[in-house]
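Colleague: Here you go, this is run-v4.txt (compact mmCIF, N, CA and C atoms).
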# COMPACT_ATOMS: atom_id res chain seq x y z
N MET A 249 -16.53 -15.69 -11.81
CA MET A 249 -17.43 -14.90 -11.01
C MET A 249 -17.62 -13.54 -11.69
N LYS A 250 -18.83 -13.13 -11.88
CA LYS A 250 -19.12 -11.85 -12.51
C LYS A 250 -18.69 -10.70 -11.60
N ASN A 251 -18.11 -9.66 -12.20
CA ASN A 251 -17.66 -8.47 -11.47
C ASN A 251 -16.52 -8.75 -10.49
N PHE A 252 -15.78 -9.80 -10.69
CA PHE A 252 -14.65 -10.19 -9.85
C PHE A 252 -13.42 -10.16 -10.74
N MET A 253 -12.47 -9.26 -10.46
CA MET A 253 -11.35 -9.08 -11.37
C MET A 253 -10.02 -9.06 -10.62
N GLN A 254 -9.05 -9.80 -11.14
CA GLN A 254 -7.69 -9.76 -10.62
C GLN A 254 -7.01 -8.52 -11.18
N ILE A 255 -6.29 -7.79 -10.32
CA ILE A 255 -5.59 -6.59 -10.74
C ILE A 255 -4.10 -6.87 -10.80
N TYR A 256 -3.48 -6.42 -11.88
CA TYR A 256 -2.03 -6.54 -12.03
C TYR A 256 -1.52 -5.32 -12.78
N THR A 257 -0.44 -4.74 -12.30
CA THR A 257 0.23 -3.65 -13.01
C THR A 257 1.74 -3.81 -12.87
N LYS A 258 2.45 -3.50 -13.92
CA LYS A 258 3.92 -3.52 -13.88
C LYS A 258 4.48 -2.32 -13.11
N LYS A 259 3.61 -1.37 -12.76
CA LYS A 259 4.04 -0.18 -12.02
C LYS A 259 4.15 -0.45 -10.52
N ALA A 260 3.80 -1.66 -10.11
CA ALA A 260 3.98 -2.12 -8.73
C ALA A 260 4.83 -3.39 -8.80
N PRO A 261 5.49 -3.75 -7.71
CA PRO A 261 6.34 -4.95 -7.76
C PRO A 261 5.51 -6.21 -8.04
N PRO A 262 6.11 -7.17 -8.73
CA PRO A 262 5.40 -8.43 -8.94
C PRO A 262 5.21 -9.15 -7.60
N VAL A 263 4.20 -9.99 -7.54
CA VAL A 263 3.93 -10.72 -6.30
C VAL A 263 5.05 -11.72 -6.03
N LEU A 264 5.24 -12.04 -4.76
CA LEU A 264 6.29 -12.97 -4.35
C LEU A 264 5.77 -14.38 -4.10
N GLY A 265 4.49 -14.59 -4.34
CA GLY A 265 3.89 -15.89 -4.07
C GLY A 265 2.58 -16.05 -4.82
N PRO A 266 1.80 -17.05 -4.44
CA PRO A 266 0.54 -17.33 -5.13
C PRO A 266 -0.61 -16.43 -4.64
N TYR A 267 -0.56 -15.17 -5.01
CA TYR A 267 -1.62 -14.22 -4.67
C TYR A 267 -1.65 -13.12 -5.72
N SER A 268 -2.64 -12.26 -5.65
CA SER A 268 -2.81 -11.16 -6.61
C SER A 268 -2.36 -9.85 -5.99
N GLN A 269 -1.94 -8.91 -6.82
CA GLN A 269 -1.65 -7.57 -6.31
C GLN A 269 -2.92 -6.96 -5.72
N GLY A 270 -4.03 -7.22 -6.36
CA GLY A 270 -5.30 -6.72 -5.88
C GLY A 270 -6.45 -7.48 -6.50
N ILE A 271 -7.59 -7.37 -5.86
CA ILE A 271 -8.83 -7.97 -6.36
C ILE A 271 -9.90 -6.88 -6.33
N LYS A 272 -10.60 -6.74 -7.45
CA LYS A 272 -11.70 -5.78 -7.55
C LYS A 272 -13.00 -6.56 -7.63
N ILE A 273 -13.92 -6.21 -6.76
CA ILE A 273 -15.25 -6.82 -6.75
C ILE A 273 -16.25 -5.67 -6.78
N ASN A 274 -16.88 -5.47 -7.93
CA ASN A 274 -17.81 -4.35 -8.11
C ASN A 274 -17.14 -3.04 -7.72
N ASN A 275 -17.59 -2.39 -6.66
CA ASN A 275 -17.06 -1.10 -6.24
C ASN A 275 -16.03 -1.20 -5.13
N LEU A 276 -15.53 -2.38 -4.88
CA LEU A 276 -14.58 -2.63 -3.80
C LEU A 276 -13.26 -3.11 -4.38
N LEU A 277 -12.15 -2.55 -3.88
CA LEU A 277 -10.82 -2.97 -4.30
C LEU A 277 -10.02 -3.31 -3.05
N ILE A 278 -9.43 -4.48 -3.04
CA ILE A 278 -8.62 -4.92 -1.91
C ILE A 278 -7.22 -5.21 -2.45
N THR A 279 -6.22 -4.53 -1.88
CA THR A 279 -4.85 -4.82 -2.30
C THR A 279 -4.24 -5.82 -1.34
N SER A 280 -3.36 -6.64 -1.87
CA SER A 280 -2.53 -7.47 -1.02
C SER A 280 -1.52 -6.57 -0.33
N GLY A 281 -0.94 -7.06 0.74
CA GLY A 281 0.10 -6.29 1.41
C GLY A 281 1.23 -5.98 0.45
N GLN A 282 1.63 -4.73 0.41
CA GLN A 282 2.72 -4.29 -0.47
C GLN A 282 3.94 -4.00 0.38
N ILE A 283 5.08 -4.42 -0.14
CA ILE A 283 6.34 -4.15 0.54
C ILE A 283 7.16 -3.18 -0.31
N PRO A 284 8.19 -2.56 0.27
CA PRO A 284 8.90 -1.49 -0.41
C PRO A 284 9.95 -1.93 -1.42
N ILE A 285 9.49 -2.54 -2.49
CA ILE A 285 10.38 -2.89 -3.60
C ILE A 285 10.11 -1.90 -4.72
N ASN A 286 11.16 -1.24 -5.20
CA ASN A 286 11.00 -0.35 -6.34
C ASN A 286 10.74 -1.23 -7.56
N PRO A 287 9.60 -1.05 -8.25
CA PRO A 287 9.27 -1.93 -9.37
C PRO A 287 10.23 -1.82 -10.55
N LYS A 288 10.93 -0.71 -10.68
CA LYS A 288 11.87 -0.54 -11.80
C LYS A 288 13.25 -1.09 -11.46
N THR A 289 13.76 -0.74 -10.29
CA THR A 289 15.14 -1.11 -9.93
C THR A 289 15.23 -2.38 -9.08
N LYS A 290 14.11 -2.78 -8.50
CA LYS A 290 14.03 -3.93 -7.57
C LYS A 290 14.76 -3.67 -6.26
N MET A 291 15.15 -2.41 -6.03
CA MET A 291 15.86 -2.03 -4.81
C MET A 291 14.88 -1.76 -3.67
N ILE A 292 15.37 -1.92 -2.44
CA ILE A 292 14.60 -1.65 -1.23
C ILE A 292 15.32 -0.55 -0.46
N PRO A 293 14.65 0.58 -0.20
CA PRO A 293 15.31 1.64 0.57
C PRO A 293 15.66 1.15 1.98
N LYS A 294 16.64 1.76 2.60
CA LYS A 294 17.08 1.35 3.94
C LYS A 294 16.22 1.97 5.05
N LYS A 295 15.85 3.24 4.91
CA LYS A 295 15.15 3.95 5.98
C LYS A 295 13.65 3.69 5.94
N ILE A 296 13.04 3.58 7.12
CA ILE A 296 11.62 3.26 7.21
C ILE A 296 10.74 4.35 6.61
N PHE A 297 11.13 5.61 6.71
CA PHE A 297 10.37 6.70 6.08
C PHE A 297 10.30 6.46 4.57
N ASP A 298 11.44 6.14 3.96
CA ASP A 298 11.49 5.90 2.52
C ASP A 298 10.76 4.61 2.14
N GLN A 299 10.86 3.58 2.99
CA GLN A 299 10.13 2.34 2.73
C GLN A 299 8.63 2.59 2.76
N THR A 300 8.17 3.36 3.73
CA THR A 300 6.74 3.66 3.85
C THR A 300 6.25 4.41 2.62
N THR A 301 7.01 5.41 2.20
CA THR A 301 6.64 6.19 1.01
C THR A 301 6.55 5.30 -0.21
N LEU A 302 7.52 4.42 -0.40
CA LEU A 302 7.53 3.54 -1.57
C LEU A 302 6.36 2.56 -1.54
N VAL A 303 6.06 2.00 -0.38
CA VAL A 303 4.91 1.09 -0.26
C VAL A 303 3.64 1.81 -0.68
N LEU A 304 3.45 3.02 -0.20
CA LEU A 304 2.24 3.78 -0.54
C LEU A 304 2.19 4.10 -2.04
N GLU A 305 3.32 4.38 -2.64
CA GLU A 305 3.36 4.62 -4.09
C GLU A 305 3.01 3.34 -4.85
N ASN A 306 3.47 2.19 -4.35
CA ASN A 306 3.11 0.91 -4.99
C ASN A 306 1.61 0.65 -4.88
N ILE A 307 1.04 0.96 -3.72
CA ILE A 307 -0.41 0.81 -3.55
C ILE A 307 -1.14 1.76 -4.52
N LYS A 308 -0.63 2.97 -4.63
CA LYS A 308 -1.24 3.94 -5.55
C LYS A 308 -1.25 3.40 -6.98
N SER A 309 -0.18 2.75 -7.40
CA SER A 309 -0.12 2.19 -8.75
C SER A 309 -1.20 1.14 -8.97
N ILE A 310 -1.42 0.31 -7.98
CA ILE A 310 -2.47 -0.72 -8.08
C ILE A 310 -3.85 -0.07 -8.11
N ILE A 311 -4.04 0.92 -7.27
CA ILE A 311 -5.33 1.61 -7.22
C ILE A 311 -5.63 2.31 -8.54
N LEU A 312 -4.65 3.01 -9.08
CA LEU A 312 -4.86 3.70 -10.36
C LEU A 312 -5.10 2.71 -11.50
N ALA A 313 -4.43 1.57 -11.47
CA ALA A 313 -4.63 0.55 -12.50
C ALA A 313 -6.05 -0.03 -12.45
N SER A 314 -6.70 0.16 -11.32
CA SER A 314 -8.07 -0.35 -11.12
C SER A 314 -9.13 0.72 -11.38
N ASN A 315 -8.70 1.89 -11.86
CA ASN A 315 -9.58 3.04 -12.06
C ASN A 315 -10.20 3.55 -10.77
N PHE A 316 -9.47 3.41 -9.69
CA PHE A 316 -9.84 4.00 -8.41
C PHE A 316 -8.87 5.17 -8.18
N HIS A 317 -9.08 5.90 -7.09
CA HIS A 317 -8.21 7.02 -6.73
C HIS A 317 -7.80 6.88 -5.27
N ILE A 318 -6.77 7.60 -4.87
CA ILE A 318 -6.30 7.56 -3.48
C ILE A 318 -7.43 7.94 -2.53
N LYS A 319 -8.28 8.89 -2.93
CA LYS A 319 -9.39 9.31 -2.06
C LYS A 319 -10.39 8.18 -1.81
N ASN A 320 -10.32 7.10 -2.60
CA ASN A 320 -11.22 5.96 -2.42
C ASN A 320 -10.74 4.99 -1.33
N ILE A 321 -9.51 5.18 -0.81
CA ILE A 321 -9.01 4.28 0.24
C ILE A 321 -9.80 4.56 1.52
N VAL A 322 -10.42 3.50 2.05
CA VAL A 322 -11.22 3.65 3.28
C VAL A 322 -10.55 3.00 4.48
N LYS A 323 -9.60 2.08 4.25
CA LYS A 323 -8.96 1.36 5.37
C LYS A 323 -7.59 0.90 4.93
N THR A 324 -6.61 1.07 5.81
CA THR A 324 -5.29 0.50 5.60
C THR A 324 -4.91 -0.32 6.83
N THR A 325 -4.07 -1.29 6.61
CA THR A 325 -3.47 -2.04 7.71
C THR A 325 -1.97 -2.00 7.49
N ILE A 326 -1.26 -1.57 8.52
CA ILE A 326 0.19 -1.47 8.47
C ILE A 326 0.78 -2.56 9.34
N PHE A 327 1.74 -3.28 8.78
CA PHE A 327 2.52 -4.26 9.53
C PHE A 327 3.95 -3.74 9.54
N THR A 328 4.55 -3.65 10.71
CA THR A 328 5.91 -3.14 10.79
C THR A 328 6.72 -3.93 11.81
N THR A 329 8.00 -4.04 11.54
CA THR A 329 8.91 -4.66 12.49
C THR A 329 9.49 -3.61 13.43
N ARG A 330 9.11 -2.34 13.21
CA ARG A 330 9.70 -1.23 13.97
C ARG A 330 8.61 -0.26 14.47
N LEU A 331 7.77 -0.72 15.36
CA LEU A 331 6.73 0.15 15.90
C LEU A 331 7.33 1.34 16.66
N ASP A 332 8.57 1.20 17.11
CA ASP A 332 9.25 2.32 17.77
C ASP A 332 9.53 3.46 16.79
N LYS A 333 9.36 3.22 15.50
CA LYS A 333 9.57 4.24 14.46
C LYS A 333 8.23 4.76 13.93
N ILE A 334 7.16 4.64 14.72
CA ILE A 334 5.83 5.04 14.26
C ILE A 334 5.79 6.51 13.85
N HIS A 335 6.57 7.36 14.49
CA HIS A 335 6.57 8.78 14.11
C HIS A 335 7.09 8.97 12.68
N LYS A 336 8.05 8.17 12.26
CA LYS A 336 8.57 8.26 10.89
C LYS A 336 7.55 7.67 9.90
N ILE A 337 6.92 6.56 10.29
CA ILE A 337 5.87 5.96 9.47
C ILE A 337 4.73 6.96 9.30
N ASN A 338 4.30 7.56 10.41
CA ASN A 338 3.21 8.54 10.36
C ASN A 338 3.57 9.74 9.49
N GLY A 339 4.81 10.18 9.55
CA GLY A 339 5.25 11.32 8.74
C GLY A 339 5.13 11.02 7.25
N ALA A 340 5.62 9.86 6.83
CA ALA A 340 5.54 9.47 5.42
C ALA A 340 4.09 9.26 5.01
N TYR A 341 3.31 8.63 5.88
CA TYR A 341 1.90 8.33 5.62
C TYR A 341 1.12 9.63 5.44
N GLU A 342 1.29 10.56 6.36
CA GLU A 342 0.59 11.85 6.28
C GLU A 342 1.01 12.61 5.02
N ASN A 343 2.30 12.67 4.74
CA ASN A 343 2.79 13.35 3.53
C ASN A 343 2.15 12.78 2.27
N PHE A 344 2.06 11.46 2.20
CA PHE A 344 1.49 10.80 1.02
C PHE A 344 0.04 11.23 0.80
N PHE A 345 -0.77 11.16 1.85
CA PHE A 345 -2.18 11.48 1.68
C PHE A 345 -2.40 12.97 1.44
N ILE A 346 -1.62 13.82 2.07
CA ILE A 346 -1.74 15.26 1.82
C ILE A 346 -1.32 15.59 0.39
N LYS A 347 -0.20 15.00 -0.05
CA LYS A 347 0.29 15.21 -1.42
C LYS A 347 -0.76 14.79 -2.46
N ASN A 348 -1.54 13.76 -2.12
CA ASN A 348 -2.57 13.27 -3.03
C ASN A 348 -3.94 13.90 -2.78
N LYS A 349 -3.93 15.01 -2.01
CA LYS A 349 -5.11 15.84 -1.79
C LYS A 349 -6.29 15.08 -1.18
N VAL A 350 -5.99 14.23 -0.23
CA VAL A 350 -7.04 13.51 0.49
C VAL A 350 -7.40 14.32 1.72
N SER A 351 -8.68 14.64 1.86
CA SER A 351 -9.11 15.49 2.97
C SER A 351 -9.45 14.69 4.23
N ILE A 352 -9.76 13.41 4.07
CA ILE A 352 -10.06 12.54 5.22
C ILE A 352 -9.12 11.33 5.15
N PHE A 353 -8.34 11.14 6.20
CA PHE A 353 -7.46 9.96 6.22
C PHE A 353 -8.29 8.69 6.36
N PRO A 354 -7.83 7.59 5.76
CA PRO A 354 -8.54 6.32 5.91
C PRO A 354 -8.48 5.82 7.36
N ALA A 355 -9.41 4.94 7.70
CA ALA A 355 -9.29 4.20 8.96
C ALA A 355 -8.02 3.38 8.86
N ARG A 356 -7.41 3.04 10.01
CA ARG A 356 -6.12 2.36 9.95
C ARG A 356 -5.88 1.51 11.18
N SER A 357 -5.21 0.41 10.97
CA SER A 357 -4.67 -0.41 12.05
C SER A 357 -3.17 -0.50 11.83
N CYS A 358 -2.42 -0.62 12.91
CA CYS A 358 -0.97 -0.75 12.80
C CYS A 358 -0.52 -1.82 13.79
N VAL A 359 0.21 -2.81 13.31
CA VAL A 359 0.60 -3.95 14.12
C VAL A 359 2.10 -4.19 13.99
N GLU A 360 2.76 -4.43 15.11
CA GLU A 360 4.16 -4.82 15.05
C GLU A 360 4.26 -6.33 14.87
N VAL A 361 5.12 -6.73 13.95
CA VAL A 361 5.34 -8.14 13.66
C VAL A 361 6.83 -8.44 13.80
N SER A 362 7.16 -9.72 13.94
CA SER A 362 8.57 -10.07 14.15
C SER A 362 9.39 -10.04 12.86
N LYS A 363 8.75 -10.34 11.72
CA LYS A 363 9.49 -10.41 10.47
C LYS A 363 8.55 -10.22 9.29
N LEU A 364 9.09 -9.64 8.20
CA LEU A 364 8.33 -9.46 6.96
C LEU A 364 9.16 -10.00 5.80
N PRO A 365 8.52 -10.26 4.64
CA PRO A 365 9.26 -10.79 3.49
C PRO A 365 10.46 -9.90 3.13
N LEU A 366 11.53 -10.54 2.74
CA LEU A 366 12.77 -9.88 2.32
C LEU A 366 13.35 -8.97 3.40
N ASN A 367 12.97 -9.23 4.64
CA ASN A 367 13.45 -8.47 5.81
C ASN A 367 13.17 -6.97 5.72
N VAL A 368 12.08 -6.59 5.03
CA VAL A 368 11.69 -5.18 4.99
C VAL A 368 11.12 -4.79 6.35
N LYS A 369 10.97 -3.49 6.56
CA LYS A 369 10.50 -2.99 7.85
C LYS A 369 9.00 -2.70 7.87
N ILE A 370 8.35 -2.70 6.69
CA ILE A 370 6.94 -2.32 6.63
C ILE A 370 6.23 -3.00 5.47
N GLU A 371 4.97 -3.29 5.69
CA GLU A 371 4.06 -3.81 4.67
C GLU A 371 2.72 -3.14 4.93
N ILE A 372 2.05 -2.72 3.86
CA ILE A 372 0.74 -2.07 4.01
C ILE A 372 -0.23 -2.68 3.00
N GLU A 373 -1.46 -2.90 3.47
CA GLU A 373 -2.55 -3.32 2.59
C GLU A 373 -3.65 -2.26 2.65
N ALA A 374 -4.46 -2.18 1.60
CA ALA A 374 -5.49 -1.14 1.54
C ALA A 374 -6.79 -1.70 1.01
N ILE A 375 -7.87 -1.13 1.49
CA ILE A 375 -9.21 -1.42 0.98
C ILE A 375 -9.77 -0.10 0.47
N SER A 376 -10.28 -0.13 -0.76
CA SER A 376 -10.84 1.07 -1.38
C SER A 376 -12.27 0.80 -1.82
N TYR A 377 -13.07 1.86 -1.80
CA TYR A 377 -14.46 1.76 -2.20
C TYR A 377 -14.83 3.02 -2.99
N LYS A 378 -15.60 2.83 -4.05
CA LYS A 378 -16.14 4.00 -4.77
C LYS A 378 -17.56 3.70 -5.21
N LYS A 379 -18.34 4.77 -5.29
CA LYS A 379 -19.75 4.64 -5.70
C LYS A 379 -19.84 4.38 -7.19
What does the file become when written as structure tokens?
Modeller:
Amino acid sequence: MKNFMQIYTKKAPPVLGPYSQGIKINNLLITSGQIPINPKTKMIPKKIFDQTTLVLENIKSIILASNFHIKNIVKTTIFTTRLDKIHKINGAYENFFIKNKVSIFPARSCVEVSKLPLNVKIEIEAISYKK
């Protein structure tokens, strides 16, 4: 398919199944859900604030590998096993976007789920668009 590209970077964790880290179609980039695995150490932080920060950094790696920027994120979906910790998730999420100089936060959905891969507490996927 013309203008349809699979995205892969070693700066984000390898996929755990038959899917891509991201797919770029023309000016649209869709990441698969990312979980908080450190791509260098393969470690998973214990605290949800740290897990959220790491997931967002992994998404950033995929976005940068696609020649997009954090400001191009238009929508995120958060899956968490700990919706009661939304204040910690929001703190890490806000810090990430402010640190990356984003003036408008993306649209977002947040859903509590019973379980995530490797028993992590959070998974986030992102959709990015650029002109």
Colleague: Which residues, protein or nucleic acid, reach to within 9 Å of (3.7, 4.2, 3.3) in the file's coordinates when using only C-alpha atoms, and can you give that as a VMD selection string?
Modeller: chain A and resid 284 296 to 307 326 337 to 338 340 to 342 344 370 to 372
Colleague: One number please: atom N of Asn286 of chain A to atom N of Cys358 of chain A, in Å, one decimal.
Modeller: 22.6 Å
Colleague: What is the distance between atom C of Asn367 of chain A and atom C of His317 of chain A, in Å to one decimal?
Modeller: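 Those two atoms sit 27.4 Å apart.
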Colleague: Where in segment 279-352 of chain A does DSSP assign alpha helix (DSSP H), given as a ChimeraX atom specification?
Modeller: /A:296-313,334-347
Colleague: With DSSP run on the backbone, what are the strand (DSSP E or B) residues within chain A? I'd like them as a ChimeraX atom specification.
Modeller: /A:252-255,270-273,276-279,282,321-328,355-360,370-377
Colleague: Next, write the just-selected residues to a file, as an mmCIF file, in the frame of the given file, keeping N, CA and C atoms as the atom set.
Modeller:
data_model
loop_
_atom_site.group_PDB
_atom_site.id
_atom_site.type_symbol
_atom_site.label_atom_id
_atom_site.label_comp_id
_atom_site.auth_asym_id
_atom_site.auth_seq_id
_atom_site.Cartn_x
_atom_site.Cartn_y
_atom_site.Cartn_z
ATOM 1 N N PHE A 252 -15.780 -9.800 -10.690
ATOM 2 C CA PHE A 252 -14.650 -10.190 -9.850
ATOM 3 C C PHE A 252 -13.420 -10.160 -10.740
ATOM 4 N N MET A 253 -12.470 -9.260 -10.460
ATOM 5 C CA MET A 253 -11.350 -9.080 -11.370
ATOM 6 C C MET A 253 -10.020 -9.060 -10.620
ATOM 7 N N GLN A 254 -9.050 -9.800 -11.140
ATOM 8 C CA GLN A 254 -7.690 -9.760 -10.620
ATOM 9 C C GLN A 254 -7.010 -8.520 -11.180
ATOM 10 N N ILE A 255 -6.290 -7.790 -10.320
ATOM 11 C CA ILE A 255 -5.590 -6.590 -10.740
ATOM 12 C C ILE A 255 -4.100 -6.870 -10.800
ATOM 13 N N GLY A 270 -4.030 -7.220 -6.360
ATOM 14 C CA GLY A 270 -5.300 -6.720 -5.880
ATOM 15 C C GLY A 270 -6.450 -7.480 -6.500
ATOM 16 N N ILE A 271 -7.590 -7.370 -5.860
ATOM 17 C CA ILE A 271 -8.830 -7.970 -6.360
ATOM 18 C C ILE A 271 -9.900 -6.880 -6.330
ATOM 19 N N LYS A 272 -10.600 -6.740 -7.450
ATOM 20 C CA LYS A 272 -11.700 -5.780 -7.550
ATOM 21 C C LYS A 272 -13.000 -6.560 -7.630
ATOM 22 N N ILE A 273 -13.920 -6.210 -6.760
ATOM 23 C CA ILE A 273 -15.250 -6.820 -6.750
ATOM 24 C C ILE A 273 -16.250 -5.670 -6.780
ATOM 25 N N LEU A 276 -15.530 -2.380 -4.880
ATOM 26 C CA LEU A 276 -14.580 -2.630 -3.800
ATOM 27 C C LEU A 276 -13.260 -3.110 -4.380
ATOM 28 N N LEU A 277 -12.150 -2.550 -3.880
ATOM 29 C CA LEU A 277 -10.820 -2.970 -4.300
ATOM 30 C C LEU A 277 -10.020 -3.310 -3.050
ATOM 31 N N ILE A 278 -9.430 -4.480 -3.040
ATOM 32 C CA ILE A 278 -8.620 -4.920 -1.910
ATOM 33 C C ILE A 278 -7.220 -5.210 -2.450
ATOM 34 N N THR A 279 -6.220 -4.530 -1.880
ATOM 35 C CA THR A 279 -4.850 -4.820 -2.300
ATOM 36 C C THR A 279 -4.240 -5.820 -1.340
ATOM 37 N N GLN A 282 1.630 -4.730 0.410
ATOM 38 C CA GLN A 282 2.720 -4.290 -0.470
ATOM 39 C C GLN A 282 3.940 -4.000 0.380
ATOM 40 N N ILE A 321 -9.510 5.180 -0.810
ATOM 41 C CA ILE A 321 -9.010 4.280 0.240
ATOM 42 C C ILE A 321 -9.800 4.560 1.520
ATOM 43 N N VAL A 322 -10.420 3.500 2.050
ATOM 44 C CA VAL A 322 -11.220 3.650 3.280
ATOM 45 C C VAL A 322 -10.550 3.000 4.480
ATOM 46 N N LYS A 323 -9.600 2.080 4.250
ATOM 47 C CA LYS A 323 -8.960 1.360 5.370
ATOM 48 C C LYS A 323 -7.590 0.900 4.930
ATOM 49 N N THR A 324 -6.610 1.070 5.810
ATOM 50 C CA THR A 324 -5.290 0.500 5.600
ATOM 51 C C THR A 324 -4.910 -0.320 6.830
ATOM 52 N N THR A 325 -4.070 -1.290 6.610
ATOM 53 C CA THR A 325 -3.470 -2.040 7.710
ATOM 54 C C THR A 325 -1.970 -2.000 7.490
ATOM 55 N N ILE A 326 -1.260 -1.570 8.520
ATOM 56 C CA ILE A 326 0.190 -1.470 8.470
ATOM 57 C C ILE A 326 0.780 -2.560 9.340
ATOM 58 N N PHE A 327 1.740 -3.280 8.780
ATOM 59 C CA PHE A 327 2.520 -4.260 9.530
ATOM 60 C C PHE A 327 3.950 -3.740 9.540
ATOM 61 N N THR A 328 4.550 -3.650 10.710
ATOM 62 C CA THR A 328 5.910 -3.140 10.790
ATOM 63 C C THR A 328 6.720 -3.930 11.810
ATOM 64 N N ALA A 355 -9.410 4.940 7.700
ATOM 65 C CA ALA A 355 -9.290 4.200 8.960
ATOM 66 C C ALA A 355 -8.020 3.380 8.860
ATOM 67 N N ARG A 356 -7.410 3.040 10.010
ATOM 68 C CA ARG A 356 -6.120 2.360 9.950
ATOM 69 C C ARG A 356 -5.880 1.510 11.180
ATOM 70 N N SER A 357 -5.210 0.410 10.970
ATOM 71 C CA SER A 357 -4.670 -0.410 12.050
ATOM 72 C C SER A 357 -3.170 -0.500 11.830
ATOM 73 N N CYS A 358 -2.420 -0.620 12.910
ATOM 74 C CA CYS A 358 -0.970 -0.750 12.800
ATOM 75 C C CYS A 358 -0.520 -1.820 13.790
ATOM 76 N N VAL A 359 0.210 -2.810 13.310
ATOM 77 C CA VAL A 359 0.600 -3.950 14.120
ATOM 78 C C VAL A 359 2.100 -4.190 13.990
ATOM 79 N N GLU A 360 2.760 -4.430 15.110
ATOM 80 C CA GLU A 360 4.160 -4.820 15.050
ATOM 81 C C GLU A 360 4.260 -6.330 14.870
ATOM 82 N N ILE A 370 8.350 -2.700 6.690
ATOM 83 C CA ILE A 370 6.940 -2.320 6.630
ATOM 84 C C ILE A 370 6.230 -3.000 5.470
ATOM 85 N N GLU A 371 4.970 -3.290 5.690
ATOM 86 C CA GLU A 371 4.060 -3.810 4.670
ATOM 87 C C GLU A 371 2.720 -3.140 4.930
ATOM 88 N N ILE A 372 2.050 -2.720 3.860
ATOM 89 C CA ILE A 372 0.740 -2.070 4.010
ATOM 90 C C ILE A 372 -0.230 -2.680 3.000
ATOM 91 N N GLU A 373 -1.460 -2.900 3.470
ATOM 92 C CA GLU A 373 -2.550 -3.320 2.590
ATOM 93 C C GLU A 373 -3.650 -2.260 2.650
ATOM 94 N N ALA A 374 -4.460 -2.180 1.600
ATOM 95 C CA ALA A 374 -5.490 -1.140 1.540
ATOM 96 C C ALA A 374 -6.790 -1.700 1.010
ATOM 97 N N ILE A 375 -7.870 -1.130 1.490
ATOM 98 C CA ILE A 375 -9.210 -1.420 0.980
ATOM 99 C C ILE A 375 -9.770 -0.100 0.470
ATOM 100 N N SER A 376 -10.280 -0.130 -0.760
ATOM 101 C CA SER A 376 -10.840 1.070 -1.380
ATOM 102 C C SER A 376 -12.270 0.800 -1.820
ATOM 103 N N TYR A 377 -13.070 1.860 -1.800
ATOM 104 C CA TYR A 377 -14.460 1.760 -2.200
ATOM 105 C C TYR A 377 -14.830 3.020 -2.990
#
Colleague: Compile the contact shell of Ile310 of chain A as a list in words: residues with an atom at most 6.5 Å away, counting all atoms listed in the file, same-chain residues fewer than 5 positions apart removed.
Modeller: Thr257, Lys259, Ala260, Glu305 and Asn315 of chain A
Colleague: Just to confirm, what's the straight-line distance from atom N of Thr325 of chain A to atom N of Ser376 of chain A in Å (one decimal)?
Modeller: 9.7 Å
Colleague: Between A:Pro262, A:Met253, A:Asn320, A:Lys379, which residue has the minimum interatomic distance to Pro354 of chain A, considering only C-alpha atoms?
Modeller: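 Of A:Pro262, A:Met253, A:Asn320, A:Lys379, the one nearest Pro354 of chain A is A:Asn320, counting only C-alpha atoms.
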Colleague: Taking 4 positions as the minimum chain separation for residues in the same chain, which residues sit within 9 Å of Lys363 of chain A when counting only C-alpha atoms? Answer as a list of chain:residue names.
Modeller: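 With the cut-off at 9 Å, the set is A:Thr328, A:Thr329, A:Asn367, A:Val368, A:Lys369.
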Colleague: Box time for segment 349-358 of chain A: axis-aligned, enclosing all its listed atoms, 4 Å extra on each side; report centre and edge lengths in Å to one decimal, as JSON.
Modeller:
{"center_x": -5.3, "center_y": 7.0, "center_z": 5.9, "size_x": 17.5, "size_y": 25.7, "size_z": 23.8}
Colleague: Rank A:Lys349, A:Lys272, A:Lys294, A:Lys333 by their smallest atom-to-atom distance to Lys319 of chain A, using all atoms listed in the file, and report the top residue only.
Modeller: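 Nearest to Lys319 of chain A: A:Lys349.
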Colleague: Could you please give me, as a PyMOL selection string, the residues of protein, DNA or RNA lying at most 6 Å from (-3.9, -8.0, -11.0) in the coordinate frame of the file, considering all atoms listed in the file?
Modeller: chain A and resi 254-257+268-270
Colleague: For Arg330 of chain A, which of A:Val361, A:Pro293, A:Pro287, A:Asn274 is the closest residue, counting all atoms listed in the file?
Modeller: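 The shortest atom-to-atom distance to Arg330 of chain A comes from A:Val361.
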Colleague: Please reconstruct the missing atoms of segment 265-269 of chain A (target: N, CA, C and O atoms) and return them as a PDB file, in the coordinates of the input.
Modeller:
ATOM      1  N   GLY A 265       4.490 -14.590  -4.340  1.00  0.00           N
ATOM      2  CA  GLY A 265       3.890 -15.890  -4.070  1.00  0.00           C
ATOM      3  C   GLY A 265       2.580 -16.050  -4.820  1.00  0.00           C
ATOM      4  O   GLY A 265       2.262 -15.261  -5.713  1.00  0.00           O
ATOM      5  N   PRO A 266       1.800 -17.050  -4.440  1.00  0.00           N
ATOM      6  CA  PRO A 266       0.540 -17.330  -5.130  1.00  0.00           C
ATOM      7  C   PRO A 266      -0.610 -16.430  -4.640  1.00  0.00           C
ATOM      8  O   PRO A 266      -1.487 -16.875  -3.901  1.00  0.00           O
ATOM      9  N   TYR A 267      -0.560 -15.170  -5.010  1.00  0.00           N
ATOM     10  CA  TYR A 267      -1.620 -14.220  -4.670  1.00  0.00           C
ATOM     11  C   TYR A 267      -1.650 -13.120  -5.720  1.00  0.00           C
ATOM     12  O   TYR A 267      -0.776 -13.058  -6.587  1.00  0.00           O
ATOM     13  N   SER A 268      -2.640 -12.260  -5.650  1.00  0.00           N
ATOM     14  CA  SER A 268      -2.810 -11.160  -6.610  1.00  0.00           C
ATOM     15  C   SER A 268      -2.360  -9.850  -5.990  1.00  0.00           C
ATOM     16  O   SER A 268      -2.447  -9.680  -4.774  1.00  0.00           O
ATOM     17  N   GLN A 269      -1.940  -8.910  -6.820  1.00  0.00           N
ATOM     18  CA  GLN A 269      -1.650  -7.570  -6.310  1.00  0.00           C
ATOM     19  C   GLN A 269      -2.920  -6.960  -5.720  1.00  0.00           C
ATOM     20  O   GLN A 269      -2.865  -6.263  -4.720  1.00  0.00           O
TER      21      GLN A 269
END
